[in-house]
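What follows is the content of data-v8.pdb (PDB, C-alpha atoms, pLDDT in the B column).
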```pdb
ATOM      1  CA  GLN X   1      23.589  69.949  24.793  1.00 59.00           C
ATOM      2  CA  GLY X   2      20.032  70.601  23.670  1.00 77.00           C
ATOM      3  CA  SER X   3      18.323  67.719  25.476  1.00 86.00           C
ATOM      4  CA  ALA X   4      19.711  68.961  28.817  1.00 90.00           C
ATOM      5  CA  PHE X   5      18.310  72.425  28.081  1.00 91.00           C
ATOM      6  CA  ASP X   6      14.939  70.812  27.393  1.00 93.00           C
ATOM      7  CA  VAL X   7      14.967  69.126  30.818  1.00 95.00           C
ATOM      8  CA  LEU X   8      15.561  72.502  32.501  1.00 96.00           C
ATOM      9  CA  LEU X   9      12.761  74.077  30.469  1.00 95.00           C
ATOM     10  CA  GLN X  10      10.282  71.335  31.316  1.00 94.00           C
ATOM     11  CA  GLN X  11      11.048  71.092  35.025  1.00 95.00           C
ATOM     12  CA  PHE X  12      12.032  74.643  36.023  1.00 97.00           C
ATOM     13  CA  ASP X  13      10.573  76.765  33.204  1.00 96.00           C
ATOM     14  CA  CYS X  14      14.145  77.769  32.376  1.00 97.00           C
ATOM     15  CA  ASN X  15      13.961  79.760  29.145  1.00 94.00           C
ATOM     16  CA  MET X  16      16.972  82.080  29.082  1.00 97.00           C
ATOM     17  CA  GLU X  17      20.720  81.563  28.740  1.00 97.00           C
ATOM     18  CA  CYS X  18      23.245  83.720  30.561  1.00 98.00           C
ATOM     19  CA  PHE X  19      25.972  83.250  27.950  1.00 96.00           C
ATOM     20  CA  ALA X  20      25.168  82.607  24.294  1.00 94.00           C
ATOM     21  CA  SER X  21      25.037  84.138  20.833  1.00 93.00           C
ATOM     22  CA  PRO X  22      22.576  84.124  17.922  1.00 93.00           C
ATOM     23  CA  LEU X  23      24.610  81.278  16.412  1.00 89.00           C
ATOM     24  CA  ASN X  24      24.481  78.850  19.343  1.00 88.00           C
ATOM     25  CA  SER X  25      21.544  79.830  21.567  1.00 90.00           C
ATOM     26  CA  ARG X  26      18.939  77.200  22.458  1.00 90.00           C
ATOM     27  CA  TYR X  27      16.358  79.516  23.988  1.00 94.00           C
ATOM     28  CA  GLU X  28      14.788  82.573  22.373  1.00 94.00           C
ATOM     29  CA  ARG X  29      16.253  84.941  25.003  1.00 96.00           C
ATOM     30  CA  PHE X  30      19.897  85.084  25.997  1.00 97.00           C
ATOM     31  CA  CYS X  31      22.621  87.363  27.286  1.00 97.00           C
ATOM     32  CA  SER X  32      25.526  87.960  24.944  1.00 96.00           C
ATOM     33  CA  ALA X  33      28.801  89.807  24.595  1.00 92.00           C
ATOM     34  CA  PHE X  34      27.617  91.970  21.690  1.00 93.00           C
ATOM     35  CA  PRO X  35      24.098  93.228  22.478  1.00 90.00           C
ATOM     36  CA  ASP X  36      24.254  95.985  19.873  1.00 92.00           C
ATOM     37  CA  THR X  37      24.352  93.474  17.009  1.00 95.00           C
ATOM     38  CA  ASP X  38      22.655  90.525  18.778  1.00 96.00           C
ATOM     39  CA  LYS X  39      19.511  92.295  20.036  1.00 95.00           C
ATOM     40  CA  PRO X  40      17.425  91.620  16.881  1.00 95.00           C
ATOM     41  CA  PHE X  41      18.090  87.904  17.405  1.00 95.00           C
ATOM     42  CA  GLY X  42      17.020  87.728  21.072  1.00 96.00           C
ATOM     43  CA  SER X  43      19.890  89.148  23.110  1.00 97.00           C
ATOM     44  CA  VAL X  44      18.882  91.071  26.240  1.00 97.00           C
ATOM     45  CA  GLY X  45      22.367  92.477  26.753  1.00 96.00           C
ATOM     46  CA  SER X  46      25.360  91.547  28.860  1.00 97.00           C
ATOM     47  CA  PHE X  47      24.882  89.084  31.716  1.00 98.00           C
ATOM     48  CA  PHE X  48      26.794  91.420  33.997  1.00 97.00           C
ATOM     49  CA  ASP X  49      24.412  94.305  33.262  1.00 97.00           C
ATOM     50  CA  PHE X  50      21.167  92.319  33.371  1.00 97.00           C
ATOM     51  CA  ASP X  51      18.717  92.918  36.233  1.00 97.00           C
ATOM     52  CA  PHE X  52      17.470  89.598  37.651  1.00 98.00           C
ATOM     53  CA  ALA X  53      15.060  91.228  40.142  1.00 97.00           C
ATOM     54  CA  ASN X  54      11.994  89.759  38.405  1.00 97.00           C
ATOM     55  CA  GLY X  55      13.244  86.263  39.102  1.00 98.00           C
ATOM     56  CA  GLY X  56      13.113  83.132  36.985  1.00 98.00           C
ATOM     57  CA  CYS X  57      15.354  80.191  36.249  1.00 98.00           C
ATOM     58  CA  PHE X  58      18.462  80.822  34.141  1.00 98.00           C
ATOM     59  CA  GLN X  59      20.972  78.478  32.528  1.00 97.00           C
ATOM     60  CA  ALA X  60      24.648  79.457  32.608  1.00 97.00           C
ATOM     61  CA  ASN X  61      27.397  77.812  30.585  1.00 95.00           C
ATOM     62  CA  PRO X  62      30.097  80.496  30.768  1.00 95.00           C
ATOM     63  CA  PRO X  63      33.415  80.617  28.925  1.00 93.00           C
ATOM     64  CA  PHE X  64      35.741  78.161  30.645  1.00 93.00           C
ATOM     65  CA  VAL X  65      38.070  80.823  32.059  1.00 95.00           C
ATOM     66  CA  ALA X  66      38.595  80.782  35.831  1.00 96.00           C
ATOM     67  CA  HIS X  67      38.535  84.533  36.500  1.00 96.00           C
ATOM     68  CA  PHE X  68      35.432  84.903  34.307  1.00 97.00           C
ATOM     69  CA  ILE X  69      33.616  82.137  36.218  1.00 98.00           C
ATOM     70  CA  HIS X  70      34.579  83.788  39.508  1.00 97.00           C
ATOM     71  CA  ARG X  71      33.167  87.114  38.326  1.00 98.00           C
ATOM     72  CA  MET X  72      29.976  85.355  37.196  1.00 98.00           C
ATOM     73  CA  CYS X  73      29.581  83.751  40.628  1.00 98.00           C
ATOM     74  CA  SER X  74      29.871  87.140  42.340  1.00 98.00           C
ATOM     75  CA  LYS X  75      27.154  88.560  40.088  1.00 98.00           C
ATOM     76  CA  MET X  76      24.880  85.595  40.838  1.00 98.00           C
ATOM     77  CA  ASN X  77      25.427  85.834  44.592  1.00 98.00           C
ATOM     78  CA  ASP X  78      24.616  89.546  44.543  1.00 98.00           C
ATOM     79  CA  SER X  79      21.451  88.958  42.502  1.00 98.00           C
ATOM     80  CA  LEU X  80      20.296  86.114  44.752  1.00 98.00           C
ATOM     81  CA  ARG X  81      20.975  88.180  47.862  1.00 98.00           C
ATOM     82  CA  THR X  82      19.027  91.248  46.686  1.00 98.00           C
ATOM     83  CA  THR X  83      16.091  89.436  45.035  1.00 98.00           C
ATOM     84  CA  LYS X  84      13.613  89.013  47.883  1.00 95.00           C
ATOM     85  CA  ARG X  85      10.171  89.005  46.226  1.00 97.00           C
ATOM     86  CA  SER X  86      10.768  86.656  43.299  1.00 98.00           C
ATOM     87  CA  ALA X  87      12.023  83.100  42.934  1.00 98.00           C
ATOM     88  CA  LEU X  88      15.486  83.236  41.366  1.00 98.00           C
ATOM     89  CA  MET X  89      17.569  80.262  40.290  1.00 98.00           C
ATOM     90  CA  PHE X  90      20.740  79.661  38.278  1.00 98.00           C
ATOM     91  CA  VAL X  91      21.809  76.302  36.866  1.00 98.00           C
ATOM     92  CA  VAL X  92      25.530  76.538  36.115  1.00 98.00           C
ATOM     93  CA  PHE X  93      27.564  74.187  33.912  1.00 95.00           C
ATOM     94  CA  VAL X  94      31.360  74.439  34.335  1.00 95.00           C
ATOM     95  CA  PRO X  95      34.339  72.062  34.266  1.00 94.00           C
ATOM     96  CA  TYR X  96      35.030  70.166  37.475  1.00 95.00           C
ATOM     97  CA  TRP X  97      37.977  72.366  38.402  1.00 94.00           C
ATOM     98  CA  GLU X  98      37.923  71.856  42.180  1.00 95.00           C
ATOM     99  CA  GLU X  99      41.453  73.197  42.533  1.00 95.00           C
ATOM    100  CA  THR X 100      40.453  76.690  41.304  1.00 96.00           C
ATOM    101  CA  THR X 101      39.083  79.515  43.432  1.00 97.00           C
ATOM    102  CA  ALA X 102      36.325  80.021  40.840  1.00 97.00           C
ATOM    103  CA  TRP X 103      34.996  76.468  41.321  1.00 97.00           C
ATOM    104  CA  GLN X 104      35.322  76.777  45.090  1.00 97.00           C
ATOM    105  CA  ALA X 105      33.395  80.062  45.013  1.00 98.00           C
ATOM    106  CA  LEU X 106      30.441  78.260  43.422  1.00 98.00           C
ATOM    107  CA  LYS X 107      30.769  75.305  45.786  1.00 98.00           C
ATOM    108  CA  VAL X 108      30.696  77.432  48.949  1.00 98.00           C
ATOM    109  CA  SER X 109      28.100  79.948  47.754  1.00 98.00           C
ATOM    110  CA  PRO X 110      25.416  80.389  50.452  1.00 97.00           C
ATOM    111  CA  TYR X 111      22.846  79.841  47.692  1.00 98.00           C
ATOM    112  CA  MET X 112      24.284  76.571  46.358  1.00 98.00           C
ATOM    113  CA  LYS X 113      21.618  73.900  46.926  1.00 97.00           C
ATOM    114  CA  HIS X 114      22.968  70.975  44.941  1.00 97.00           C
ATOM    115  CA  HIS X 115      26.082  69.935  43.028  1.00 97.00           C
ATOM    116  CA  LEU X 116      26.097  67.245  40.370  1.00 95.00           C
ATOM    117  CA  ARG X 117      29.277  65.759  38.883  1.00 93.00           C
ATOM    118  CA  ILE X 118      29.083  64.187  35.423  1.00 90.00           C
ATOM    119  CA  PRO X 119      32.114  62.059  34.411  1.00 87.00           C
ATOM    120  CA  HIS X 120      34.024  62.940  31.264  1.00 69.00           C
ATOM    121  CA  GLY X 121      33.715  60.702  28.247  1.00 64.00           C
ATOM    122  CA  SER X 122      30.060  60.013  28.993  1.00 59.00           C
ATOM    123  CA  HIS X 123      28.572  63.314  27.817  1.00 51.00           C
ATOM    124  CA  PHE X 124      28.785  65.821  25.011  1.00 56.00           C
ATOM    125  CA  TYR X 125      28.975  69.556  24.430  1.00 53.00           C
ATOM    126  CA  ALA X 126      27.795  71.565  21.464  1.00 55.00           C
ATOM    127  CA  GLU X 127      30.734  73.409  19.941  1.00 50.00           C
ATOM    128  CA  GLY X 128      30.532  77.120  20.721  1.00 49.00           C
ATOM    129  CA  THR X 129      31.957  77.817  17.250  1.00 48.00           C
ATOM    130  CA  GLN X 130      29.899  75.106  15.569  1.00 46.00           C
ATOM    131  CA  TYR X 131      29.092  77.429  12.661  1.00 44.00           C
ATOM    132  CA  ARG X 132      32.713  77.176  11.461  1.00 49.00           C
ATOM    133  CA  ARG X 133      33.543  73.636  12.515  1.00 45.00           C
ATOM    134  CA  LYS X 134      32.909  70.363  10.732  1.00 52.00           C
ATOM    135  CA  GLU X 135      31.491  68.666  13.824  1.00 51.00           C
ATOM    136  CA  GLN X 136      28.641  70.240  15.789  1.00 51.00           C
ATOM    137  CA  PHE X 137      29.280  68.240  18.985  1.00 51.00           C
ATOM    138  CA  ARG X 138      32.276  66.902  20.879  1.00 54.00           C
ATOM    139  CA  ALA X 139      32.663  64.457  23.735  1.00 58.00           C
ATOM    140  CA  ALA X 140      33.642  66.194  26.968  1.00 56.00           C
ATOM    141  CA  SER X 141      37.312  65.676  27.826  1.00 65.00           C
ATOM    142  CA  PHE X 142      36.769  66.669  31.472  1.00 75.00           C
ATOM    143  CA  ASP X 143      34.244  66.052  34.238  1.00 92.00           C
ATOM    144  CA  THR X 144      31.425  68.585  34.353  1.00 92.00           C
ATOM    145  CA  SER X 145      30.002  70.255  37.457  1.00 95.00           C
ATOM    146  CA  VAL X 146      26.371  71.327  37.543  1.00 96.00           C
ATOM    147  CA  PHE X 147      25.672  73.809  40.337  1.00 98.00           C
ATOM    148  CA  TYR X 148      22.134  74.761  41.372  1.00 98.00           C
ATOM    149  CA  LEU X 149      21.957  78.186  43.035  1.00 98.00           C
ATOM    150  CA  GLN X 150      18.622  79.307  44.495  1.00 98.00           C
ATOM    151  CA  ASN X 151      17.218  81.982  46.769  1.00 98.00           C
ATOM    152  CA  GLU X 152      14.694  80.960  49.401  1.00 97.00           C
ATOM    153  CA  LEU X 153      11.625  81.430  47.205  1.00 98.00           C
ATOM    154  CA  ALA X 154      13.176  79.368  44.425  1.00 98.00           C
ATOM    155  CA  SER X 155      13.942  76.554  46.867  1.00 97.00           C
ATOM    156  CA  CYS X 156      10.250  76.399  47.698  1.00 97.00           C
ATOM    157  CA  LYS X 157       9.102  76.680  44.070  1.00 97.00           C
ATOM    158  CA  TRP X 158      11.527  74.334  42.307  1.00 97.00           C
ATOM    159  CA  GLU X 159      12.572  71.113  44.009  1.00 96.00           C
ATOM    160  CA  ILE X 160      15.835  69.575  42.806  1.00 96.00           C
ATOM    161  CA  SER X 161      14.512  66.036  43.020  1.00 95.00           C
ATOM    162  CA  GLU X 162      16.205  62.711  42.348  1.00 95.00           C
ATOM    163  CA  MET X 163      13.884  62.355  39.360  1.00 95.00           C
ATOM    164  CA  HIS X 164      15.221  65.608  37.918  1.00 95.00           C
ATOM    165  CA  ILE X 165      18.843  64.597  38.501  1.00 95.00           C
ATOM    166  CA  ALA X 166      18.223  61.269  36.741  1.00 94.00           C
ATOM    167  CA  ALA X 167      16.563  63.044  33.790  1.00 94.00           C
ATOM    168  CA  LEU X 168      19.448  65.500  33.453  1.00 93.00           C
ATOM    169  CA  ARG X 169      22.049  62.745  33.638  1.00 89.00           C
ATOM    170  CA  LYS X 170      20.217  60.817  30.939  1.00 89.00           C
ATOM    171  CA  ALA X 171      19.959  63.906  28.728  1.00 88.00           C
ATOM    172  CA  PHE X 172      23.659  64.636  29.127  1.00 80.00           C
ATOM    173  CA  THR X 173      24.776  61.113  28.291  1.00 78.00           C
ATOM    174  CA  GLN X 174      22.756  60.823  25.077  1.00 69.00           C
ATOM    175  CA  ASP X 175      24.947  60.791  21.973  1.00 56.00           C
ATOM    176  CA  PRO X 176      23.657  63.817  20.003  1.00 52.00           C
ATOM    177  CA  ILE X 177      25.340  62.655  16.788  1.00 50.00           C
ATOM    178  CA  ARG X 178      23.635  59.272  16.919  1.00 49.00           C
ATOM    179  CA  THR X 179      20.341  60.892  17.963  1.00 48.00           C
ATOM    180  CA  ALA X 180      20.491  63.331  15.052  1.00 44.00           C
ATOM    181  CA  LYS X 181      21.214  60.460  12.624  1.00 45.00           C
ATOM    182  CA  CYS X 182      18.265  58.483  13.999  1.00 38.00           C
ATOM    183  CA  ASP X 183      16.015  61.530  13.549  1.00 40.00           C
ATOM    184  CA  VAL X 184      17.141  61.858   9.918  1.00 38.00           C
ATOM    185  CA  ASP X 185      16.570  58.144   9.280  1.00 41.00           C
ATOM    186  CA  LEU X 186      13.127  58.320  10.893  1.00 37.00           C
ATOM    187  CA  ASN X 187      12.127  61.339   8.813  1.00 43.00           C
ATOM    188  CA  GLN X 188      13.292  59.569   5.656  1.00 54.00           C
ATOM    189  CA  GLN X 189      11.265  56.482   6.589  1.00 53.00           C
ATOM    190  CA  ARG X 190       8.191  58.619   7.182  1.00 46.00           C
ATOM    191  CA  ALA X 191       8.668  60.393   3.863  1.00 53.00           C
ATOM    192  CA  THR X 192       9.052  57.063   2.037  1.00 60.00           C
ATOM    193  CA  SER X 193       6.079  55.566   3.847  1.00 53.00           C
ATOM    194  CA  GLY X 194       3.966  58.609   3.025  1.00 52.00           C
ATOM    195  CA  GLY X 195       4.902  58.379  -0.637  1.00 51.00           C
ATOM    196  CA  GLU X 196       3.990  54.690  -0.800  1.00 51.00           C
ATOM    197  CA  THR X 197       0.654  55.404   0.891  1.00 45.00           C
ATOM    198  CA  ARG X 198      -0.171  58.120  -1.647  1.00 49.00           C
ATOM    199  CA  LYS X 199       0.728  55.778  -4.501  1.00 52.00           C
ATOM    200  CA  ARG X 200      -1.569  53.045  -3.161  1.00 53.00           C
ATOM    201  CA  LYS X 201      -4.430  55.502  -2.744  1.00 52.00           C
ATOM    202  CA  SER X 202      -3.881  56.759  -6.304  1.00 53.00           C
ATOM    203  CA  LYS X 203      -3.999  53.213  -7.693  1.00 55.00           C
ATOM    204  CA  THR X 204      -7.165  52.438  -5.701  1.00 54.00           C
ATOM    205  CA  LYS X 205      -8.941  55.497  -7.123  1.00 55.00           C
ATOM    206  CA  SER X 206      -7.952  54.643 -10.681  1.00 51.00           C
TER     207      SER X 206
END
```
Since I need it in another form, could you write the structure as structure tokens?
Amino acid sequence: QGSAFDVLLQQFDCNMECFASPLNSRYERFCSAFPDTDKPFGSVGSFFDFDFANGGCFQANPPFVAHFIHRMCSKMNDSLRTTKRSALMFVVFVPYWEETTAWQALKVSPYMKHHLRIPHGSHFYAEGTQYRRKEQFRAASFDTSVFYLQNELASCKWEISEMHIAALRKAFTQDPIRTAKCDVDLNQQRATSGGETRKRKSKTKS
């Protein structure tokens, strides 16, 4: 969800998504399946065609399909292996599917520096097709794995500290529906308060 993306942006300068669309992207830049139509909205093309040689930190929340995740892992390993002069890092969010070869490929990657498991029922996901669904968010029905993959330069540049892990856990476990409602209520209170202030000032002047 959005607050988790914000933690990655603040702590690792992560500002690009590996799998998104103009309708659900959080960052201004993203890779997408339809670059021909998505480019005007920030797409830089397919993840599998993108050149990561310039480094950076990238968030990846791929489609939850085992063979697709496995293919993604191979692309990441190749990019991390060949990127020698820039810090390169991927933060990957996938279901905790430890029985699959795709999950195991991420777990045993030579570039995997940390794995975080977030229990189901305690965190939320934004619906990928939120534009045609009634609810924008849903509670996760499975545990989530967060894999941190880094090359050597990224390991030196971005520490995966206990403070970061705590911040990400907190961001993930926030109820986005309740948070959004609180934001609406707060904005309404501010608007009402502002109106009352203007009325008092108007009466004072008269």
Exercise for review: Determine the residue set returned by the PyMOL selection byres ((chain X and resi 56) around 8) for the present structure, and present it as an MDAnalysis selection string.
Suggested key: chainID X and resid 13:14 52 54:55 57:58 86:89
What would the file look like if the residues just selected were written as a CSV table (one decimal), in the frame of the given file with C-alpha atoms?
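And here's selection.csv as it stands now:
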```csv
chain,number,residue,atom,x,y,z
X,13,ASP,CA,10.6,76.8,33.2
X,14,CYS,CA,14.1,77.8,32.4
X,52,PHE,CA,17.5,89.6,37.7
X,54,ASN,CA,12.0,89.8,38.4
X,55,GLY,CA,13.2,86.3,39.1
X,57,CYS,CA,15.4,80.2,36.2
X,58,PHE,CA,18.5,80.8,34.1
X,86,SER,CA,10.8,86.7,43.3
X,87,ALA,CA,12.0,83.1,42.9
X,88,LEU,CA,15.5,83.2,41.4
X,89,MET,CA,17.6,80.3,40.3
```
Review point. At what distance in Å, to one decimal, does CA of Ala154 in chain X lie from CA of Thr82 in chain X?
Key: 13.4 Å
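CA of Ser145 in chain X sits 12.9 Å away from CA of Glu99 in chain X.
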Practice item. Could you expand the PyMOL selection byres ((chain X and resi 143) around 7) into the explicit residues it covers here, written as a PyMOL selection string? Key: chain X and resi 95-96+117-120+142+144-145
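What separates CA of Arg81 in chain X from CA of Asn151 in chain X is a distance of 7.3 Å.
Taking only C-alpha atoms into account, Lys84 in chain X lies nearest to X:Glu152 out of the set X:Glu152, X:Asp6, X:His70, X:Phe34.
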**Study point:** Non-local contacts of Phe64 in chain X (9 Å; only C-alpha atoms; under 4 positions in same chain excluded) as a ChimeraX atom specification
**Key:** /X:68-69,94-95
Exercise for review: Between X:Pro110, X:Gly2, X:Pro40, X:Pro35, single out the one closest to Phe19 in chain X, counting all atoms listed in the file.
Suggested key: X:Pro35
**Study point:** Contacts of range 20-23 of chain X within 8 Å, all atoms listed in the file, excl. fewer than 5 positions in-chain, as a ChimeraX atom specification
**Key:** /X:30-33,38,41-43,131
